[in-house]
$ cat upload04.cif   # mmCIF, N, CA and C atoms
data_coords
loop_
_atom_site.label_atom_id
_atom_site.label_comp_id
_atom_site.auth_asym_id
_atom_site.auth_seq_id
_atom_site.Cartn_x
_atom_site.Cartn_y
_atom_site.Cartn_z
N MET A 1 61.86 -6.29 0.70
CA MET A 1 62.01 -7.56 1.39
C MET A 1 61.97 -8.66 0.35
N ASP A 2 62.92 -9.57 0.39
CA ASP A 2 62.94 -10.68 -0.56
C ASP A 2 62.36 -11.90 0.13
N ILE A 3 61.09 -12.18 -0.18
CA ILE A 3 60.38 -13.26 0.46
C ILE A 3 60.27 -14.40 -0.51
N GLY A 4 60.65 -15.56 -0.04
CA GLY A 4 60.47 -16.71 -0.92
C GLY A 4 61.00 -17.97 -0.31
N TRP A 5 60.60 -19.04 -0.91
CA TRP A 5 61.01 -20.37 -0.51
C TRP A 5 62.44 -20.60 -0.98
N ASP A 6 63.23 -21.26 -0.16
CA ASP A 6 64.51 -21.77 -0.62
C ASP A 6 64.75 -23.11 0.07
N GLU A 7 65.72 -23.84 -0.42
CA GLU A 7 65.95 -25.21 0.04
C GLU A 7 66.34 -25.30 1.52
N SER A 8 66.79 -24.20 2.11
CA SER A 8 67.11 -24.24 3.55
C SER A 8 65.86 -24.46 4.38
N LEU A 9 64.69 -24.25 3.79
CA LEU A 9 63.41 -24.43 4.49
C LEU A 9 62.79 -25.80 4.22
N ALA A 10 63.43 -26.61 3.38
CA ALA A 10 62.87 -27.92 3.03
C ALA A 10 62.91 -28.87 4.22
N THR A 11 61.79 -29.57 4.40
CA THR A 11 61.72 -30.58 5.46
C THR A 11 62.13 -31.95 4.93
N GLY A 12 62.08 -32.11 3.62
CA GLY A 12 62.34 -33.41 3.02
C GLY A 12 61.07 -34.25 2.87
N ILE A 13 59.95 -33.71 3.33
CA ILE A 13 58.66 -34.38 3.18
C ILE A 13 57.90 -33.59 2.11
N LYS A 14 57.76 -34.20 0.95
CA LYS A 14 57.25 -33.49 -0.22
C LYS A 14 55.91 -32.81 0.04
N SER A 15 54.97 -33.50 0.66
CA SER A 15 53.65 -32.91 0.85
C SER A 15 53.73 -31.66 1.72
N ILE A 16 54.53 -31.71 2.76
CA ILE A 16 54.70 -30.55 3.66
C ILE A 16 55.45 -29.44 2.94
N ASP A 17 56.52 -29.79 2.23
CA ASP A 17 57.28 -28.78 1.49
C ASP A 17 56.42 -28.09 0.43
N ASP A 18 55.59 -28.87 -0.27
CA ASP A 18 54.71 -28.27 -1.27
C ASP A 18 53.75 -27.26 -0.63
N GLU A 19 53.22 -27.63 0.53
CA GLU A 19 52.31 -26.72 1.23
C GLU A 19 53.04 -25.47 1.71
N HIS A 20 54.23 -25.64 2.26
CA HIS A 20 55.00 -24.48 2.70
C HIS A 20 55.31 -23.55 1.52
N GLN A 21 55.65 -24.15 0.38
CA GLN A 21 55.93 -23.33 -0.80
C GLN A 21 54.69 -22.54 -1.23
N ARG A 22 53.54 -23.17 -1.15
CA ARG A 22 52.31 -22.46 -1.52
C ARG A 22 52.04 -21.30 -0.55
N LEU A 23 52.31 -21.53 0.75
CA LEU A 23 52.14 -20.44 1.72
C LEU A 23 53.06 -19.28 1.39
N PHE A 24 54.31 -19.58 1.03
CA PHE A 24 55.23 -18.52 0.63
C PHE A 24 54.74 -17.82 -0.63
N GLY A 25 54.06 -18.55 -1.51
CA GLY A 25 53.49 -17.93 -2.70
C GLY A 25 52.45 -16.88 -2.34
N TYR A 26 51.59 -17.19 -1.37
CA TYR A 26 50.60 -16.21 -0.91
C TYR A 26 51.30 -14.98 -0.31
N ILE A 27 52.34 -15.23 0.46
CA ILE A 27 53.07 -14.12 1.07
C ILE A 27 53.71 -13.26 -0.01
N ALA A 28 54.27 -13.89 -1.03
CA ALA A 28 54.86 -13.14 -2.14
C ALA A 28 53.80 -12.32 -2.87
N ASP A 29 52.60 -12.90 -3.05
CA ASP A 29 51.51 -12.16 -3.68
C ASP A 29 51.13 -10.93 -2.85
N LEU A 30 51.10 -11.11 -1.54
CA LEU A 30 50.79 -9.99 -0.64
C LEU A 30 51.87 -8.92 -0.75
N GLU A 31 53.12 -9.34 -0.75
CA GLU A 31 54.22 -8.38 -0.86
C GLU A 31 54.13 -7.60 -2.18
N THR A 32 53.86 -8.30 -3.27
CA THR A 32 53.75 -7.65 -4.58
C THR A 32 52.61 -6.64 -4.59
N ALA A 33 51.46 -7.06 -4.05
CA ALA A 33 50.31 -6.15 -4.02
C ALA A 33 50.61 -4.91 -3.20
N LEU A 34 51.28 -5.09 -2.07
CA LEU A 34 51.63 -3.94 -1.23
C LEU A 34 52.62 -3.02 -1.94
N SER A 35 53.62 -3.61 -2.58
CA SER A 35 54.65 -2.80 -3.23
C SER A 35 54.08 -2.00 -4.41
N LYS A 36 52.99 -2.48 -4.98
CA LYS A 36 52.36 -1.78 -6.10
C LYS A 36 51.22 -0.88 -5.65
N GLY A 37 51.04 -0.79 -4.31
CA GLY A 37 50.01 0.09 -3.78
C GLY A 37 48.60 -0.35 -4.11
N LYS A 38 48.39 -1.64 -4.21
CA LYS A 38 47.07 -2.16 -4.56
C LYS A 38 46.05 -1.85 -3.48
N SER A 39 44.82 -1.85 -3.87
CA SER A 39 43.72 -1.46 -2.98
C SER A 39 43.34 -2.58 -2.03
N LYS A 40 42.52 -2.20 -1.08
CA LYS A 40 41.99 -3.15 -0.12
C LYS A 40 41.24 -4.27 -0.85
N GLU A 41 40.58 -3.94 -1.94
CA GLU A 41 39.83 -4.93 -2.70
C GLU A 41 40.74 -6.00 -3.30
N VAL A 42 41.99 -5.66 -3.57
CA VAL A 42 42.96 -6.63 -4.09
C VAL A 42 43.59 -7.41 -2.93
N LEU A 43 43.88 -6.72 -1.84
CA LEU A 43 44.55 -7.35 -0.71
C LEU A 43 43.64 -8.34 0.03
N THR A 44 42.36 -8.02 0.13
CA THR A 44 41.44 -8.86 0.89
C THR A 44 41.39 -10.31 0.39
N PRO A 45 41.24 -10.56 -0.90
CA PRO A 45 41.22 -11.96 -1.35
C PRO A 45 42.54 -12.69 -1.10
N ILE A 46 43.65 -11.96 -1.11
CA ILE A 46 44.94 -12.59 -0.80
C ILE A 46 44.94 -13.03 0.66
N PHE A 47 44.50 -12.16 1.56
CA PHE A 47 44.39 -12.52 2.97
C PHE A 47 43.49 -13.74 3.14
N ASP A 48 42.34 -13.71 2.47
CA ASP A 48 41.39 -14.81 2.58
C ASP A 48 42.01 -16.13 2.13
N GLY A 49 42.66 -16.10 0.98
CA GLY A 49 43.30 -17.30 0.46
C GLY A 49 44.40 -17.81 1.37
N LEU A 50 45.16 -16.89 1.90
CA LEU A 50 46.24 -17.26 2.81
C LEU A 50 45.70 -17.90 4.07
N LEU A 51 44.68 -17.33 4.65
CA LEU A 51 44.10 -17.90 5.86
C LEU A 51 43.49 -19.27 5.57
N GLU A 52 42.76 -19.37 4.49
CA GLU A 52 42.13 -20.64 4.12
C GLU A 52 43.19 -21.73 3.90
N TYR A 53 44.24 -21.40 3.18
CA TYR A 53 45.27 -22.40 2.90
C TYR A 53 46.07 -22.75 4.15
N THR A 54 46.28 -21.77 5.02
CA THR A 54 46.96 -22.04 6.29
C THR A 54 46.15 -23.04 7.12
N LEU A 55 44.85 -22.85 7.17
CA LEU A 55 44.00 -23.79 7.90
C LEU A 55 44.08 -25.19 7.28
N PHE A 56 44.10 -25.27 5.96
CA PHE A 56 44.27 -26.56 5.28
C PHE A 56 45.60 -27.21 5.68
N HIS A 57 46.67 -26.43 5.61
CA HIS A 57 48.00 -26.96 5.94
C HIS A 57 48.06 -27.43 7.40
N PHE A 58 47.57 -26.60 8.31
CA PHE A 58 47.56 -27.00 9.71
C PHE A 58 46.74 -28.26 9.91
N GLY A 59 45.62 -28.36 9.23
CA GLY A 59 44.80 -29.56 9.33
C GLY A 59 45.55 -30.80 8.87
N HIS A 60 46.33 -30.66 7.79
CA HIS A 60 47.13 -31.78 7.29
C HIS A 60 48.17 -32.20 8.33
N GLU A 61 48.88 -31.22 8.88
CA GLU A 61 49.86 -31.56 9.92
C GLU A 61 49.18 -32.23 11.10
N GLU A 62 48.06 -31.69 11.51
CA GLU A 62 47.35 -32.23 12.67
C GLU A 62 46.88 -33.66 12.43
N GLN A 63 46.45 -33.96 11.20
CA GLN A 63 46.05 -35.32 10.85
C GLN A 63 47.24 -36.26 10.95
N LEU A 64 48.40 -35.81 10.48
CA LEU A 64 49.61 -36.63 10.58
C LEU A 64 50.03 -36.83 12.04
N PHE A 65 49.90 -35.79 12.85
CA PHE A 65 50.23 -35.91 14.27
C PHE A 65 49.38 -37.00 14.92
N SER A 66 48.11 -37.00 14.61
CA SER A 66 47.19 -37.98 15.18
C SER A 66 47.50 -39.38 14.65
N GLN A 67 47.69 -39.47 13.35
CA GLN A 67 47.94 -40.77 12.72
C GLN A 67 49.21 -41.43 13.25
N TYR A 68 50.25 -40.63 13.47
CA TYR A 68 51.54 -41.19 13.89
C TYR A 68 51.85 -40.93 15.36
N GLN A 69 50.87 -40.45 16.10
CA GLN A 69 50.98 -40.22 17.54
C GLN A 69 52.22 -39.40 17.91
N TYR A 70 52.29 -38.22 17.32
CA TYR A 70 53.40 -37.30 17.59
C TYR A 70 53.32 -36.84 19.03
N ALA A 71 54.38 -37.08 19.79
CA ALA A 71 54.39 -36.83 21.24
C ALA A 71 54.22 -35.35 21.60
N ASN A 72 54.70 -34.44 20.76
CA ASN A 72 54.63 -33.01 21.07
C ASN A 72 53.48 -32.31 20.34
N SER A 73 52.47 -33.07 19.97
CA SER A 73 51.40 -32.47 19.17
C SER A 73 50.65 -31.37 19.92
N SER A 74 50.43 -31.52 21.21
CA SER A 74 49.65 -30.49 21.92
C SER A 74 50.38 -29.15 21.92
N GLN A 75 51.70 -29.16 22.08
CA GLN A 75 52.46 -27.91 22.04
C GLN A 75 52.43 -27.31 20.63
N HIS A 76 52.57 -28.17 19.64
CA HIS A 76 52.58 -27.70 18.26
C HIS A 76 51.21 -27.13 17.88
N LEU A 77 50.15 -27.82 18.28
CA LEU A 77 48.80 -27.35 17.97
C LEU A 77 48.50 -26.03 18.67
N ALA A 78 49.04 -25.84 19.86
CA ALA A 78 48.86 -24.56 20.57
C ALA A 78 49.49 -23.42 19.77
N LEU A 79 50.62 -23.69 19.14
CA LEU A 79 51.26 -22.67 18.30
C LEU A 79 50.41 -22.37 17.06
N HIS A 80 49.81 -23.41 16.49
CA HIS A 80 48.91 -23.19 15.36
C HIS A 80 47.73 -22.31 15.79
N ASP A 81 47.15 -22.62 16.94
CA ASP A 81 46.01 -21.85 17.43
C ASP A 81 46.39 -20.39 17.67
N LEU A 82 47.56 -20.17 18.27
CA LEU A 82 48.02 -18.81 18.53
C LEU A 82 48.25 -18.05 17.22
N PHE A 83 48.82 -18.74 16.25
CA PHE A 83 49.04 -18.12 14.94
C PHE A 83 47.72 -17.67 14.32
N ILE A 84 46.74 -18.56 14.32
CA ILE A 84 45.44 -18.24 13.72
C ILE A 84 44.79 -17.07 14.47
N THR A 85 44.89 -17.07 15.79
CA THR A 85 44.34 -15.97 16.58
C THR A 85 45.00 -14.65 16.20
N ASN A 86 46.33 -14.65 16.11
CA ASN A 86 47.06 -13.43 15.74
C ASN A 86 46.74 -12.99 14.31
N MET A 87 46.64 -13.95 13.42
CA MET A 87 46.36 -13.61 12.03
C MET A 87 44.95 -13.02 11.90
N LYS A 88 43.99 -13.60 12.60
CA LYS A 88 42.63 -13.07 12.55
C LYS A 88 42.55 -11.68 13.18
N ALA A 89 43.33 -11.45 14.23
CA ALA A 89 43.34 -10.12 14.85
C ALA A 89 43.91 -9.08 13.89
N LEU A 90 44.99 -9.42 13.20
CA LEU A 90 45.57 -8.50 12.21
C LEU A 90 44.59 -8.28 11.06
N ARG A 91 43.93 -9.34 10.65
CA ARG A 91 42.96 -9.22 9.56
C ARG A 91 41.81 -8.31 9.98
N SER A 92 41.33 -8.47 11.20
CA SER A 92 40.24 -7.64 11.70
C SER A 92 40.67 -6.17 11.75
N LYS A 93 41.90 -5.95 12.17
CA LYS A 93 42.44 -4.59 12.22
C LYS A 93 42.52 -4.01 10.80
N PHE A 94 42.94 -4.84 9.85
CA PHE A 94 42.99 -4.40 8.46
C PHE A 94 41.59 -4.07 7.95
N ASP A 95 40.63 -4.94 8.27
CA ASP A 95 39.25 -4.71 7.81
C ASP A 95 38.70 -3.39 8.34
N SER A 96 39.03 -3.08 9.59
CA SER A 96 38.47 -1.86 10.18
C SER A 96 39.22 -0.60 9.76
N LYS A 97 40.53 -0.72 9.58
CA LYS A 97 41.33 0.47 9.22
C LYS A 97 41.63 0.53 7.73
N GLY A 98 41.80 -0.65 7.12
CA GLY A 98 42.04 -0.72 5.68
C GLY A 98 43.28 -0.02 5.21
N ASN A 99 44.30 0.07 6.07
CA ASN A 99 45.50 0.78 5.62
C ASN A 99 46.65 -0.17 5.36
N PHE A 100 47.62 0.35 4.65
CA PHE A 100 48.76 -0.47 4.24
C PHE A 100 49.71 -0.77 5.39
N GLY A 101 49.68 0.06 6.44
CA GLY A 101 50.52 -0.22 7.61
C GLY A 101 50.14 -1.53 8.26
N VAL A 102 48.85 -1.79 8.37
CA VAL A 102 48.38 -3.04 8.95
C VAL A 102 48.74 -4.20 8.03
N ALA A 103 48.55 -4.02 6.73
CA ALA A 103 48.89 -5.07 5.77
C ALA A 103 50.39 -5.36 5.81
N SER A 104 51.19 -4.33 5.96
CA SER A 104 52.64 -4.50 6.06
C SER A 104 53.00 -5.24 7.35
N ASP A 105 52.32 -4.90 8.45
CA ASP A 105 52.55 -5.63 9.72
C ASP A 105 52.21 -7.10 9.55
N LEU A 106 51.12 -7.38 8.85
CA LEU A 106 50.72 -8.76 8.60
C LEU A 106 51.78 -9.48 7.77
N LEU A 107 52.27 -8.83 6.75
CA LEU A 107 53.31 -9.41 5.90
C LEU A 107 54.54 -9.77 6.72
N ASN A 108 55.00 -8.84 7.54
CA ASN A 108 56.18 -9.10 8.37
C ASN A 108 55.93 -10.23 9.36
N PHE A 109 54.76 -10.22 10.00
CA PHE A 109 54.41 -11.28 10.95
C PHE A 109 54.39 -12.64 10.27
N LEU A 110 53.73 -12.73 9.13
CA LEU A 110 53.62 -14.00 8.42
C LEU A 110 54.97 -14.55 8.01
N THR A 111 55.78 -13.70 7.43
CA THR A 111 57.08 -14.13 6.94
C THR A 111 57.94 -14.65 8.07
N GLN A 112 58.07 -13.87 9.13
CA GLN A 112 58.94 -14.27 10.23
C GLN A 112 58.40 -15.51 10.93
N TRP A 113 57.09 -15.56 11.13
CA TRP A 113 56.50 -16.69 11.83
C TRP A 113 56.71 -17.97 11.03
N LEU A 114 56.47 -17.92 9.73
CA LEU A 114 56.58 -19.12 8.91
C LEU A 114 58.01 -19.65 8.90
N ILE A 115 58.96 -18.77 8.72
CA ILE A 115 60.37 -19.20 8.73
C ILE A 115 60.73 -19.80 10.08
N ASP A 116 60.41 -19.08 11.15
CA ASP A 116 60.74 -19.58 12.50
C ASP A 116 60.05 -20.90 12.79
N HIS A 117 58.80 -21.03 12.35
CA HIS A 117 58.02 -22.24 12.63
C HIS A 117 58.60 -23.43 11.86
N ILE A 118 58.93 -23.24 10.61
CA ILE A 118 59.49 -24.34 9.82
C ILE A 118 60.83 -24.78 10.39
N LEU A 119 61.71 -23.81 10.63
CA LEU A 119 63.06 -24.15 11.08
C LEU A 119 63.12 -24.57 12.55
N GLY A 120 62.11 -24.19 13.32
CA GLY A 120 62.10 -24.53 14.73
C GLY A 120 61.17 -25.67 15.05
N GLU A 121 59.89 -25.41 14.95
CA GLU A 121 58.89 -26.39 15.39
C GLU A 121 58.72 -27.56 14.42
N ASP A 122 58.66 -27.29 13.13
CA ASP A 122 58.44 -28.38 12.19
C ASP A 122 59.61 -29.35 12.17
N GLU A 123 60.79 -28.86 12.41
CA GLU A 123 61.98 -29.74 12.47
C GLU A 123 61.83 -30.82 13.54
N LYS A 124 61.07 -30.53 14.57
CA LYS A 124 60.93 -31.47 15.70
C LYS A 124 60.17 -32.73 15.33
N TYR A 125 59.24 -32.64 14.39
CA TYR A 125 58.48 -33.83 14.03
C TYR A 125 59.11 -34.63 12.89
N LEU A 126 60.12 -34.10 12.26
CA LEU A 126 60.71 -34.77 11.11
C LEU A 126 61.24 -36.16 11.40
N PRO A 127 61.95 -36.39 12.50
CA PRO A 127 62.44 -37.77 12.73
C PRO A 127 61.30 -38.81 12.76
N LEU A 128 60.22 -38.49 13.42
CA LEU A 128 59.08 -39.41 13.47
C LEU A 128 58.49 -39.63 12.09
N PHE A 129 58.26 -38.54 11.36
CA PHE A 129 57.65 -38.66 10.05
C PHE A 129 58.55 -39.42 9.08
N GLU A 130 59.85 -39.18 9.17
CA GLU A 130 60.78 -39.91 8.31
C GLU A 130 60.78 -41.39 8.65
N GLU A 131 60.76 -41.69 9.94
CA GLU A 131 60.72 -43.08 10.41
C GLU A 131 59.47 -43.80 9.89
N LYS A 132 58.35 -43.08 9.85
CA LYS A 132 57.08 -43.65 9.42
C LYS A 132 56.90 -43.62 7.91
N GLY A 133 57.84 -43.03 7.19
CA GLY A 133 57.79 -43.01 5.75
C GLY A 133 56.82 -42.01 5.16
N VAL A 134 56.55 -40.93 5.90
CA VAL A 134 55.65 -39.89 5.39
C VAL A 134 56.30 -39.23 4.18
N LYS A 135 55.52 -39.06 3.14
CA LYS A 135 56.05 -38.47 1.89
C LYS A 135 55.44 -37.10 1.67
#

$ encode --input "upload04.cif" --output "C-alpha cells"
Amino acid sequence: MDIGWDESLATGIKSIDDEHQRLFGYIADLETALSKGKSKEVLTPIFDGLLEYTLFHFGHEEQLFSQYQYANSSQHLALHDLFITNMKALRSKFDSKGNFGVASDLLNFLTQWLIDHILGEDEKYLPLFEEKGVK
C-alpha cells in the first residue's frame, strides 16, 4: 500500500495541512513497521503517538470551529468522536491480541478514514476558514 500525503489532499490552510501531513507520517511509520514485521513493542508507541497527535489535531479544528462559529461543527465533532471511539476499540483489540492482523486493520481504517475525512468533511469548512483568513 502506498500511503502518503499528496497535494490532492491539501486544504490550502497551512496549519491544517501541516497537521494532516504529520498524521500521514504516523500512518507511514505504522505501515513500515508492519511491513518489516516489527514487534508489538515497536508498534505500540506508534499507535500512542498517532492517537495523541490525532487528539491534538481534532482539538485545533474544534478551537477554530468555536472561534469562527462553524455552522456544521456538531456534525463534524460527532465524526471526530466516532473516529476516536473506533480507534480506541482497534487499539484495545491490538493490546489484547497483539497480532499483526489487528494492526493491519487499524492501518487500513486510518488511511481510508483520513483521506475520506479530508476530501469530504474538511472541505466543508474551507470556505468559512478562507473567508476568515485562517492560515

$ residues_around --input "upload04.cif" --residues "stretch 45-49 of chain A" --least-positions-apart "6" --cutoff "8 Å" --atoms "all atoms listed in the file" --output "PyMOL selection string"
chain A and resi 26-27+29-30+55+91

$ write_last_selection --input "upload04.cif" --atoms "N, CA and C atoms" --output "PDB file, in the frame of the given file"
ATOM      1  N   TYR A  26      51.590 -17.190  -1.370  1.00  0.00           N
ATOM      2  CA  TYR A  26      50.600 -16.210  -0.910  1.00  0.00           C
ATOM      3  C   TYR A  26      51.300 -14.980  -0.310  1.00  0.00           C
ATOM      4  N   ILE A  27      52.340 -15.230   0.460  1.00  0.00           N
ATOM      5  CA  ILE A  27      53.070 -14.120   1.070  1.00  0.00           C
ATOM      6  C   ILE A  27      53.710 -13.260  -0.010  1.00  0.00           C
ATOM      7  N   ASP A  29      52.600 -12.900  -3.050  1.00  0.00           N
ATOM      8  CA  ASP A  29      51.510 -12.160  -3.680  1.00  0.00           C
ATOM      9  C   ASP A  29      51.130 -10.930  -2.850  1.00  0.00           C
ATOM     10  N   LEU A  30      51.100 -11.110  -1.540  1.00  0.00           N
ATOM     11  CA  LEU A  30      50.790  -9.990  -0.640  1.00  0.00           C
ATOM     12  C   LEU A  30      51.870  -8.920  -0.750  1.00  0.00           C
ATOM     13  N   LEU A  55      44.850 -22.850   7.170  1.00  0.00           N
ATOM     14  CA  LEU A  55      44.000 -23.790   7.900  1.00  0.00           C
ATOM     15  C   LEU A  55      44.080 -25.190   7.280  1.00  0.00           C
ATOM     16  N   ARG A  91      43.930  -9.340  10.650  1.00  0.00           N
ATOM     17  CA  ARG A  91      42.960  -9.220   9.560  1.00  0.00           C
ATOM     18  C   ARG A  91      41.810  -8.310   9.980  1.00  0.00           C
TER      19      ARG A  91
END

$ closest_residue --input "upload04.cif" --among "A:Phe100, A:Leu51, A:Leu114, A:His60" --to "A:Lys88" --atoms "all atoms listed in the file"
A:Leu51

$ resolve_selection --input "upload04.cif" --expression "the PyMOL selection byres ((chain A and resi 115-127) around 8)" --output "ChimeraX atom specification"
/A:8-11,13,70-72,76,109-114,128-133

$ atom_distance --input "upload04.cif" --atom1 "atom N of A:Glu7" --atom2 "atom CA of A:Glu61"
20.4 Å

$ atom_distance --input "upload04.cif" --atom1 "atom N of A:Ala28" --atom2 "atom CA of A:Gly4"
6.8 Å

$ select_by_dssp --input "upload04.cif" --residues "chain A" --states "alpha helix (DSSP H)" --output "PyMOL selection string"
chain A and resi 14-35+40-68+73-97+100-116+123-132

$ axis_aligned_box --input "upload04.cif" --around "stretch 89-92 of chain A" --padding-each-side "6 Å" --output "AutoDock Vina command-line options"
--center_x 42.9 --center_y -8.8 --center_z 12.2 --size_x 17.3 --size_y 17.3 --size_z 17.3

$ atom_distance --input "upload04.cif" --atom1 "atom CA of A:Glu31" --atom2 "atom N of A:Leu79"
25.4 Å

$ decode --input "upload04.cif" --residues "stretch 48-118 of chain A" --atoms "C-alpha atoms" --output "CSV table (one decimal), in the first residue's frame"
chain,number,residue,atom,x,y,z
A,48,ASP,CA,0.2,6.0,21.0
A,49,GLY,CA,1.8,8.9,19.1
A,50,LEU,CA,-0.8,8.7,16.4
A,51,LEU,CA,-3.7,8.8,18.9
A,52,GLU,CA,-2.1,11.6,20.8
A,53,TYR,CA,-1.5,13.7,17.7
A,54,THR,CA,-5.0,13.0,16.3
A,55,LEU,CA,-6.4,14.4,19.6
A,56,PHE,CA,-4.2,17.5,19.2
A,57,HIS,CA,-5.3,17.9,15.6
A,58,PHE,CA,-9.0,17.5,16.4
A,59,GLY,CA,-8.6,19.9,19.3
A,60,HIS,CA,-7.2,22.5,16.9
A,61,GLU,CA,-10.0,22.1,14.4
A,62,GLU,CA,-12.5,22.3,17.3
A,63,GLN,CA,-11.0,25.5,18.5
A,64,LEU,CA,-11.3,27.0,15.1
A,65,PHE,CA,-14.9,25.8,14.8
A,66,SER,CA,-15.7,27.6,18.0
A,67,GLN,CA,-13.7,30.7,17.2
A,68,TYR,CA,-15.3,31.2,13.8
A,69,GLN,CA,-18.7,29.7,14.6
A,70,TYR,CA,-18.7,27.0,12.1
A,71,ALA,CA,-22.3,26.1,11.4
A,72,ASN,CA,-21.7,22.3,10.9
A,73,SER,CA,-19.4,21.9,13.9
A,74,SER,CA,-21.7,19.5,15.8
A,75,GLN,CA,-21.8,17.0,12.9
A,76,HIS,CA,-18.1,17.3,12.4
A,77,LEU,CA,-17.3,16.8,16.0
A,78,ALA,CA,-19.5,13.7,16.1
A,79,LEU,CA,-17.3,12.3,13.4
A,80,HIS,CA,-14.3,13.0,15.4
A,81,ASP,CA,-15.8,11.3,18.4
A,82,LEU,CA,-16.7,8.3,16.4
A,83,PHE,CA,-13.2,8.1,14.9
A,84,ILE,CA,-11.6,8.2,18.4
A,85,THR,CA,-14.1,5.5,19.6
A,86,ASN,CA,-13.2,3.2,16.7
A,87,MET,CA,-9.5,3.9,17.0
A,88,LYS,CA,-9.5,3.1,20.7
A,89,ALA,CA,-11.5,-0.1,20.1
A,90,LEU,CA,-9.0,-1.3,17.5
A,91,ARG,CA,-6.2,-0.3,19.9
A,92,SER,CA,-7.8,-2.3,22.7
A,93,LYS,CA,-8.2,-5.3,20.4
A,94,PHE,CA,-4.5,-5.0,19.4
A,95,ASP,CA,-3.5,-4.8,23.1
A,96,SER,CA,-5.4,-7.9,23.9
A,97,LYS,CA,-4.4,-10.0,20.8
A,98,GLY,CA,-1.2,-8.3,19.8
A,99,ASN,CA,-1.3,-9.6,16.3
A,100,PHE,CA,-0.5,-8.0,13.0
A,101,GLY,CA,-4.0,-8.6,11.6
A,102,VAL,CA,-5.4,-6.1,14.0
A,103,ALA,CA,-2.6,-3.7,13.3
A,104,SER,CA,-3.2,-4.1,9.6
A,105,ASP,CA,-6.9,-3.4,10.1
A,106,LEU,CA,-6.0,-0.3,12.0
A,107,LEU,CA,-3.7,0.8,9.2
A,108,ASN,CA,-6.4,0.3,6.6
A,109,PHE,CA,-9.0,2.1,8.8
A,110,LEU,CA,-6.8,5.1,9.5
A,111,THR,CA,-5.7,5.6,5.9
A,112,GLN,CA,-9.2,5.4,4.4
A,113,TRP,CA,-10.8,7.4,7.1
A,114,LEU,CA,-8.2,10.2,6.9
A,115,ILE,CA,-8.5,10.5,3.1
A,116,ASP,CA,-12.3,10.4,3.2
A,117,HIS,CA,-12.4,12.9,6.0
A,118,ILE,CA,-10.1,15.4,4.4
